[in-house]
file query-v3.cif (mmCIF, C-alpha atoms)
data_coords
loop_
_atom_site.label_atom_id
_atom_site.label_comp_id
_atom_site.auth_asym_id
_atom_site.auth_seq_id
_atom_site.Cartn_x
_atom_site.Cartn_y
_atom_site.Cartn_z
CA MET X 29 25.84 -10.88 9.87
CA VAL X 30 23.15 -10.04 12.41
CA ASP X 31 22.07 -12.74 14.85
CA THR X 32 19.02 -14.74 13.70
CA MET X 33 17.17 -14.09 16.95
CA ILE X 34 17.59 -10.34 16.53
CA ILE X 35 16.30 -10.49 12.96
CA SER X 36 13.32 -12.60 14.04
CA LEU X 37 12.51 -10.10 16.79
CA ILE X 38 12.72 -7.20 14.33
CA LEU X 39 10.39 -8.97 11.89
CA VAL X 40 7.87 -9.70 14.64
CA MET X 41 7.98 -6.05 15.72
CA MET X 42 7.45 -4.92 12.12
CA PHE X 43 4.45 -7.24 11.80
CA ILE X 44 2.93 -5.71 14.94
CA LEU X 45 3.75 -2.20 13.72
CA GLY X 46 2.10 -2.97 10.40
CA ALA X 47 -1.05 -4.18 12.16
CA VAL X 48 -1.15 -0.98 14.23
CA PHE X 49 -0.79 1.20 11.15
CA GLY X 50 -3.38 -0.91 9.34
CA SER X 51 -5.86 -0.11 12.10
CA PHE X 52 -4.79 3.53 11.98
CA ALA X 53 -5.28 3.66 8.19
CA CYS X 54 -8.81 2.27 8.41
CA CYS X 55 -9.71 4.76 11.14
CA GLN X 56 -8.28 7.61 9.09
CA ALA X 57 -10.43 6.61 6.13
CA TRP X 58 -13.53 6.95 8.32
CA ARG X 59 -12.31 10.23 9.82
CA TRP X 60 -11.64 11.58 6.35
CA ARG X 61 -15.20 10.63 5.40
CA TYR X 62 -16.62 12.34 8.48
CA HIS X 63 -14.68 15.48 7.58
CA ALA X 64 -15.87 15.35 3.96
CA THR X 65 -19.51 14.95 5.03
CA LYS X 66 -19.30 17.64 7.74
CA GLN X 67 -19.66 15.14 10.61
CA LYS X 68 -16.51 16.13 12.45
CA GLU X 69 -17.98 15.25 15.86
CA LEU X 70 -17.97 11.55 14.90
CA GLY X 71 -14.30 11.49 14.00
CA GLN X 72 -12.84 12.15 17.46
CA TRP X 73 -12.99 8.53 18.67
CA SER X 74 -13.53 5.06 17.23
CA VAL X 75 -17.25 4.30 17.49
CA CYS X 76 -19.59 1.51 16.40
CA MET X 77 -21.44 2.59 13.28
CA HIS X 78 -24.65 0.94 14.55
CA CYS X 79 -25.02 1.95 18.20
CA LYS X 80 -22.66 4.98 17.96
CA LYS X 81 -20.99 4.02 21.24
CA ARG X 82 -17.28 4.58 21.71
CA ILE X 83 -15.14 1.48 21.29
CA LYS X 84 -12.95 0.82 24.33
CA TRP X 85 -9.18 0.61 23.96
CA TYR X 86 -9.13 -3.13 24.73
CA ASP X 87 -11.52 -3.69 21.84
CA ASN X 88 -9.22 -1.73 19.53
CA ILE X 89 -6.19 -4.03 19.67
CA PRO X 90 -5.29 -4.76 16.02
CA ILE X 91 -6.30 -8.22 14.75
CA VAL X 92 -6.63 -9.68 18.28
CA SER X 93 -9.77 -7.72 19.29
CA TRP X 94 -11.53 -8.44 15.99
CA LEU X 95 -10.90 -12.18 16.35
CA ILE X 96 -11.94 -12.27 20.02
CA LEU X 97 -15.17 -10.37 19.31
CA ARG X 98 -15.68 -12.30 16.05
CA GLY X 99 -16.07 -9.06 14.15
CA LYS X 100 -18.98 -7.81 16.28
CA CYS X 101 -19.53 -4.81 18.52
CA ARG X 102 -19.34 -5.66 22.23
CA ASN X 103 -22.23 -3.27 22.99
CA CYS X 104 -24.85 -4.05 20.33
CA GLY X 105 -23.58 -7.32 18.89
CA LYS X 106 -23.82 -6.16 15.28
CA SER X 107 -21.11 -6.72 12.69
CA ILE X 108 -18.38 -4.08 12.54
CA GLY X 109 -17.26 -5.20 9.09
CA ILE X 110 -14.18 -6.95 7.82
CA ALA X 111 -12.38 -3.91 6.39
CA ASP X 112 -10.54 -3.33 9.68
CA LEU X 113 -9.26 -6.89 9.84
CA LEU X 114 -8.20 -6.93 6.20
CA SER X 115 -6.31 -3.64 6.47
CA GLU X 116 -4.60 -4.74 9.69
CA ILE X 117 -3.54 -8.15 8.38
CA GLY X 118 -2.66 -6.81 4.94
CA LEU X 119 -0.41 -4.04 6.21
CA ALA X 120 1.10 -6.30 8.87
CA VAL X 121 2.13 -8.84 6.23
CA ALA X 122 3.36 -6.09 3.90
CA PHE X 123 5.50 -4.52 6.66
CA LEU X 124 6.91 -7.93 7.54
CA MET X 125 7.81 -8.93 3.98
CA LEU X 126 9.22 -5.54 3.02
CA SER X 127 11.34 -5.54 6.18
CA TRP X 128 12.70 -8.90 5.14
CA ALA X 129 13.40 -7.67 1.61
CA TYR X 130 14.73 -4.17 2.41
CA LEU X 131 15.83 -3.99 6.05
CA VAL X 132 17.36 -7.42 6.71
CA PRO X 133 19.91 -7.16 3.84
CA VAL X 134 20.94 -3.74 5.14
CA LEU X 135 21.45 -5.12 8.65
CA ASN X 136 23.36 -8.14 7.38
CA ASN X 137 25.70 -5.88 5.39
CA TRP X 138 25.88 -3.08 7.91
CA THR X 139 29.67 -3.18 8.29
CA LEU X 140 30.20 -2.87 4.55
CA LEU X 141 27.47 -0.28 4.03
CA SER X 142 28.76 1.83 6.91
CA LEU X 143 31.85 2.43 4.80
CA HIS X 144 29.56 4.02 2.21
CA PRO X 145 27.20 6.19 4.28
CA GLU X 146 25.38 7.59 1.22
CA PHE X 147 24.31 4.12 0.09
CA LEU X 148 23.27 3.24 3.63
CA ALA X 149 21.24 6.42 4.05
CA ILE X 150 19.48 5.98 0.70
CA GLN X 151 18.53 2.36 1.32
CA LEU X 152 17.14 3.15 4.76
CA ALA X 153 15.29 6.18 3.36
CA VAL X 154 13.69 4.10 0.59
CA PHE X 155 12.56 1.54 3.15
CA VAL X 156 11.01 4.14 5.46
CA MET X 157 9.33 6.06 2.62
CA MET X 158 7.91 2.84 1.19
CA LEU X 159 6.31 1.98 4.53
CA MET X 160 4.87 5.49 4.84
CA MET X 161 3.49 5.28 1.33
CA LEU X 162 1.84 1.94 2.09
CA VAL X 163 -0.08 3.53 4.98
CA VAL X 164 -1.40 6.28 2.68
CA LEU X 165 -2.28 3.71 0.02
CA THR X 166 -4.21 1.67 2.59
CA VAL X 167 -6.27 4.73 3.53
CA LEU X 168 -6.99 5.32 -0.17
CA ALA X 169 -7.91 1.67 -0.77
CA VAL X 170 -10.34 1.57 2.16
CA TYR X 171 -11.89 4.90 1.20
CA ASP X 172 -12.35 3.92 -2.44
CA ALA X 173 -13.76 0.51 -1.56
CA LYS X 174 -16.35 2.01 0.79
CA TRP X 175 -17.31 5.27 -0.93
CA GLY X 176 -15.94 5.03 -4.46
CA GLU X 177 -13.75 8.11 -4.18
CA LEU X 178 -10.05 8.89 -4.01
CA PRO X 179 -9.48 12.13 -2.05
CA VAL X 180 -7.24 14.54 -3.97
CA VAL X 181 -5.13 15.41 -0.93
CA LEU X 182 -4.31 11.76 -0.26
CA LEU X 183 -3.58 11.16 -3.96
CA THR X 184 -1.21 14.13 -3.93
CA LEU X 185 0.52 12.75 -0.85
CA ALA X 186 0.88 9.32 -2.50
CA ILE X 187 2.37 10.91 -5.64
CA LEU X 188 4.77 12.92 -3.48
CA PHE X 189 5.94 9.78 -1.67
CA GLY X 190 6.28 7.96 -4.99
CA ALA X 191 8.35 10.82 -6.43
CA ILE X 192 10.64 10.87 -3.39
CA ILE X 193 11.21 7.11 -3.65
CA PHE X 194 11.91 7.52 -7.38
CA VAL X 195 14.51 10.24 -6.75
CA LEU X 196 16.18 8.15 -4.05
CA LYS X 197 16.39 5.13 -6.35
CA MET X 198 17.86 7.20 -9.18
CA LYS X 199 20.37 8.71 -6.76
CA GLU X 200 21.45 5.23 -5.70
CA VAL X 201 21.93 4.25 -9.36
CA SER X 202 24.02 7.36 -10.03
CA LEU X 203 26.25 6.57 -7.07
CA SER X 204 26.95 3.04 -8.27
CA ASP X 205 27.28 3.72 -12.00
CA GLU X 206 26.40 7.02 -13.66
CA ALA X 207 26.29 5.28 -17.05
CA ASP X 208 23.24 3.31 -15.88
CA LEU X 209 21.33 6.43 -14.82
CA LEU X 210 19.97 7.25 -18.27
CA ARG X 211 18.86 3.67 -18.78
CA SER X 212 17.18 3.62 -15.37
CA LEU X 213 15.37 6.88 -16.13
CA GLY X 214 14.11 5.42 -19.42
CA ASN X 215 13.03 2.26 -17.63
CA ALA X 216 11.10 4.28 -15.05
CA ALA X 217 9.52 6.51 -17.73
CA LEU X 218 8.33 3.41 -19.58
CA GLY X 219 6.89 2.11 -16.33
CA VAL X 220 4.88 5.31 -15.90
CA LEU X 221 3.60 4.96 -19.46
CA VAL X 222 2.67 1.31 -18.97
CA LEU X 223 0.90 1.73 -15.61
CA ALA X 224 -0.46 5.28 -15.47
CA GLY X 225 -0.93 5.50 -19.25
CA THR X 226 -2.93 2.27 -19.40
CA CYS X 227 -5.15 3.36 -16.52
CA PHE X 228 -5.74 6.73 -18.20
CA VAL X 229 -6.77 5.03 -21.46
CA ILE X 230 -9.16 2.66 -19.64
CA TYR X 231 -10.59 5.60 -17.70
CA LYS X 232 -11.32 7.52 -20.90
CA ALA X 233 -12.47 4.54 -22.97
CA SER X 234 -14.86 3.17 -20.33
CA LYS X 235 -16.24 6.63 -19.47
CA GLU X 236 -15.46 6.03 -15.78
CA ARG X 237 -17.35 2.72 -15.58
CA LEU X 238 -14.24 0.59 -15.16
CA MET X 239 -11.88 3.23 -13.79
CA GLY X 240 -12.33 6.63 -12.18
CA GLY X 241 -10.45 9.85 -12.78
CA GLY X 242 -8.36 9.41 -9.64
CA ASP X 243 -7.23 5.90 -10.52
CA TRP X 244 -4.70 6.94 -13.11
CA LEU X 245 -3.22 9.45 -10.64
CA LEU X 246 -2.95 6.65 -8.11
CA ALA X 247 -1.28 4.54 -10.79
CA LEU X 248 1.18 7.39 -11.39
CA ALA X 249 2.21 7.30 -7.73
CA LEU X 250 2.69 3.52 -7.88
CA ALA X 251 4.70 3.69 -11.12
CA LEU X 252 7.04 6.31 -9.66
CA ALA X 253 7.68 4.17 -6.58
CA LEU X 254 8.30 1.04 -8.65
CA ALA X 255 10.60 2.85 -11.13
CA ASP X 256 10.63 -0.26 -13.31
CA TRP X 257 8.57 -1.02 -16.42
CA TRP X 258 8.52 -4.77 -15.78
CA LEU X 259 7.12 -4.37 -12.26
CA ALA X 260 4.67 -1.77 -13.59
CA LEU X 261 3.50 -4.23 -16.24
CA TRP X 262 2.89 -6.92 -13.62
CA THR X 263 1.03 -4.43 -11.45
CA ILE X 264 -1.45 -3.43 -14.15
CA PHE X 265 -1.87 -7.07 -15.16
CA LEU X 266 -2.64 -8.24 -11.61
CA ALA X 267 -4.89 -5.25 -10.90
CA ASN X 268 -6.97 -5.95 -14.01
CA LEU X 269 -7.04 -9.67 -13.23
CA LEU X 270 -8.35 -8.99 -9.73
CA GLY X 271 -10.86 -6.50 -11.11
CA ASP X 272 -12.08 -8.95 -13.76
CA VAL X 273 -12.55 -11.74 -11.23
CA ILE X 274 -14.09 -9.72 -8.41
CA ALA X 275 -15.78 -6.60 -9.79
CA LEU X 276 -16.36 -6.97 -13.52
CA PRO X 277 -19.24 -9.51 -13.24
CA GLY X 278 -21.27 -6.95 -11.25
CA ALA X 279 -20.46 -4.22 -13.74
CA MET X 280 -21.63 -6.39 -16.61
CA LYS X 281 -24.96 -7.19 -14.94
CA LYS X 282 -25.73 -3.60 -13.98
CA LYS X 283 -24.92 -1.02 -16.62
CA SER X 284 -24.93 1.72 -14.01
CA HIS X 285 -22.46 -0.16 -11.79
CA VAL X 286 -19.06 1.52 -11.45
CA VAL X 287 -15.92 -0.47 -10.64
CA HIS X 288 -13.84 1.01 -7.83
CA PHE X 289 -10.42 0.14 -9.21
CA GLY X 290 -8.25 1.80 -6.54
CA PRO X 291 -8.18 -1.16 -4.11
CA PHE X 292 -7.16 -3.54 -6.91
CA LEU X 293 -4.29 -1.26 -7.90
CA VAL X 294 -3.07 -1.03 -4.31
CA VAL X 295 -3.30 -4.79 -3.70
CA ALA X 296 -1.50 -5.54 -6.97
CA PHE X 297 1.19 -2.98 -6.13
CA VAL X 298 1.84 -4.56 -2.73
CA ILE X 299 2.00 -8.07 -4.24
CA VAL X 300 4.44 -6.98 -6.94
CA LEU X 301 6.48 -4.91 -4.48
CA VAL X 302 6.79 -7.81 -2.05
CA LEU X 303 7.46 -10.52 -4.63
CA GLY X 304 9.74 -8.30 -6.68
CA ASN X 305 12.00 -7.83 -3.68
CA CYS X 306 11.51 -11.12 -1.83
CA LEU X 307 11.77 -13.63 -4.69
CA PRO X 308 15.51 -13.01 -5.13
CA LEU X 309 15.95 -13.71 -1.43
CA LEU X 310 13.87 -16.89 -1.63
CA ILE X 311 15.93 -18.12 -4.58
CA LYS X 312 19.14 -17.27 -2.74
CA VAL X 313 18.25 -19.32 0.34
CA GLY X 314 17.04 -22.23 -1.74
CA PHE X 315 13.23 -22.12 -1.42
#
call {"tool": "encode", "arguments": {"input": "query-v3.cif", "output": "structure tokens"}}
result
Amino acid sequence: MVDTMIISLILVMMFILGAVFGSFACCQAWRWRYHATKQKELGQWSVCMHCKKRIKWYDNIPIVSWLILRGKCRNCGKSIGIADLLSEIGLAVAFLMLSWAYLVPVLNNWTLLSLHPEFLAIQLAVFVMMLMMLVVLTVLAVYDAKWGELPVVLLTLAILFGAIIFVLKMKEVSLSDEADLLRSLGNAALGVLVLAGTCFVIYKASKERLMGGGDWLLALALALALADWWLALWTIFLANLLGDVIALPGAMKKKSHVVHFGPFLVVAFVIVLVLGNCLPLLIKVGF
């Protein structure tokens, strides 16, 4: 059992790391946009979108700088938007909770797991790949929310990460009980059908008004990473619930309005991923 102080320190560090990567993800979304629109000269440094002046390093501290400046540019005083703050806080919380769900159990059982190095390596690999995938998903969510597009390269990278996580999870199942492998593969396949299949049907049926062509590919990446039909079902349910509450009213009022569904899928995925792994821990400790 690892000392409580050490675990607390690790969780704090993961929260800070998540905030840093949240800021990085938002910046990468803008840089990707500059590249797509042939404005490469604007993507070298973080700049205010109003006065075009470079943002100093002390105004780029995740979460802290935004709160101190109250979401405004130090030079011109105009709003710099809330997307940065949301991505920083969102990824910080996600890193914290996933570290609690994935990393802390590994540390607490390190002595036992060290006797089975394959299990240890797989669990650590799944944890690291999940964090990397969350960064890519954050870039996609910010990009889709701002410009209504999901870049193919980033989608491909998300699917690759999801596939790697899927393979690692199936490998872990095969190591523990090969008889469960076929059932786990069927469970994962059903999850892909539930999540990616549903998104594809909505995309076709709504003629891209409620869901774009890239959304079902994003859903495919999420379904592969979840590798579970029940978690996939909750993800599509929460994503549609969020979309209905936040975006659907605008789509109903304006027939030409298109719902950017990517951010809702990503948010739902993170919620399900966190709760799906943290609820057992909460129940165990008596919350």
call {"tool": "resolve_selection", "arguments": {"input": "query-v3.cif", "expression": "the PyMOL selection byres ((chain X and resi 180-186) around 10)", "output": "number ranges by chain"}}
result
X: 60, 160-165, 167-168, 177-179, 187-192, 242-243, 245-250, 252-253
call {"tool": "resolve_selection", "arguments": {"input": "query-v3.cif", "expression": "the PyMOL selection byres ((chain X and resi 132) around 10)", "output": "list in words"}}
result
Met29, Val30, Ile35, Ser36, Ile38, Leu39, Leu126, Ser127, Trp128, Ala129, Tyr130, Leu131, Pro133, Val134, Leu135, Asn136, Asn137 and Trp138 of chain X
call {"tool": "resolve_selection", "arguments": {"input": "query-v3.cif", "expression": "the PyMOL selection byres ((chain X and resi 88) around 12)", "output": "ChimeraX atom specification"}}
result
/X:47-48,50-52,54-55,73-76,82-87,89-97,99-102,108,112-113,116
call {"tool": "atom_distance", "arguments": {"input": "query-v3.cif", "atom1": "atom CA of X:Val156", "atom2": "atom CA of X:Ala251"}}
result
17.7 Å
call {"tool": "atom_distance", "arguments": {"input": "query-v3.cif", "atom1": "atom CA of X:Ile117", "atom2": "atom CA of X:Val40"}}
result
13.1 Å
call {"tool": "closest_atom_pairs", "arguments": {"input": "query-v3.cif", "of": "stretch 166-241 of chain X", "to": "stretch 142-155 of chain X", "cutoff": "9 Å", "atoms": "all atoms listed in the file", "output": "tab-separated table"}}
result
residue	atom	partner	partner_atom	distance
X:Ile192	CA	X:Val154	CA	8.4
X:Ile193	CA	X:Val154	CA	5.8
X:Phe194	CA	X:Val154	CA	8.9
X:Leu196	CA	X:Ile150	CA	6.2
X:Lys197	CA	X:Val154	CA	7.5
X:Lys199	CA	X:Ile150	CA	8.0
X:Glu200	CA	X:Phe147	CA	6.6
X:Leu203	CA	X:Phe147	CA	7.8
X:Ser204	CA	X:Phe147	CA	8.8
call {"tool": "axis_aligned_box", "arguments": {"input": "query-v3.cif", "around": "stretch 229-242 of chain X", "padding_each_side": "3 Å", "output": "lines of an AutoDock Vina configuration file"}}
result
center_x = -12.1
center_y = 5.2
center_z = -16.3
size_x = 16.6
size_y = 15.3
size_z = 19.3
call {"tool": "build_atoms", "arguments": {"input": "query-v3.cif", "residues": "stretch 130-149 of chain X", "atoms": "N, CA and C atoms", "output": "short mmCIF file (atom, residue, chain, number, x, y, z; two decimals), in the frame of the given file"}}
result
data_model
loop_
_atom_site.label_atom_id
_atom_site.label_comp_id
_atom_site.auth_asym_id
_atom_site.auth_seq_id
_atom_site.Cartn_x
_atom_site.Cartn_y
_atom_site.Cartn_z
N TYR X 130 13.96 -5.42 2.41
CA TYR X 130 14.73 -4.17 2.41
C TYR X 130 15.66 -4.04 3.62
N LEU X 131 15.10 -4.29 4.82
CA LEU X 131 15.83 -3.99 6.05
C LEU X 131 16.86 -5.07 6.42
N VAL X 132 16.47 -6.33 6.32
CA VAL X 132 17.36 -7.42 6.71
C VAL X 132 18.68 -7.41 5.91
N PRO X 133 18.63 -7.24 4.57
CA PRO X 133 19.91 -7.16 3.84
C PRO X 133 20.79 -6.01 4.30
N VAL X 134 20.17 -4.88 4.65
CA VAL X 134 20.94 -3.74 5.14
C VAL X 134 21.62 -4.09 6.46
N LEU X 135 20.88 -4.74 7.35
CA LEU X 135 21.45 -5.12 8.65
C LEU X 135 22.56 -6.15 8.49
N ASN X 136 22.36 -7.10 7.59
CA ASN X 136 23.36 -8.14 7.38
C ASN X 136 24.65 -7.60 6.75
N ASN X 137 24.53 -6.48 6.04
CA ASN X 137 25.70 -5.88 5.39
C ASN X 137 26.05 -4.52 6.00
N TRP X 138 25.71 -4.37 7.25
CA TRP X 138 25.88 -3.08 7.91
C TRP X 138 27.34 -2.62 7.93
N THR X 139 28.24 -3.54 8.21
CA THR X 139 29.67 -3.18 8.29
C THR X 139 30.17 -2.63 6.96
N LEU X 140 29.78 -3.32 5.88
CA LEU X 140 30.20 -2.87 4.55
C LEU X 140 29.53 -1.57 4.16
N LEU X 141 28.22 -1.48 4.42
CA LEU X 141 27.47 -0.28 4.03
C LEU X 141 27.89 0.94 4.84
N SER X 142 28.32 0.70 6.08
CA SER X 142 28.76 1.83 6.91
C SER X 142 29.99 2.53 6.34
N LEU X 143 30.71 1.81 5.47
CA LEU X 143 31.85 2.43 4.80
C LEU X 143 31.41 3.34 3.66
N HIS X 144 30.15 3.19 3.27
CA HIS X 144 29.56 4.02 2.21
C HIS X 144 28.27 4.63 2.74
N PRO X 145 28.38 5.63 3.59
CA PRO X 145 27.20 6.19 4.28
C PRO X 145 26.09 6.67 3.35
N GLU X 146 26.43 7.13 2.14
CA GLU X 146 25.38 7.59 1.22
C GLU X 146 24.49 6.44 0.79
N PHE X 147 25.10 5.29 0.45
CA PHE X 147 24.31 4.12 0.09
C PHE X 147 23.43 3.68 1.26
N LEU X 148 24.01 3.65 2.44
CA LEU X 148 23.27 3.24 3.63
C LEU X 148 22.08 4.15 3.88
N ALA X 149 22.31 5.46 3.81
CA ALA X 149 21.24 6.42 4.05
C ALA X 149 20.12 6.29 3.02
#
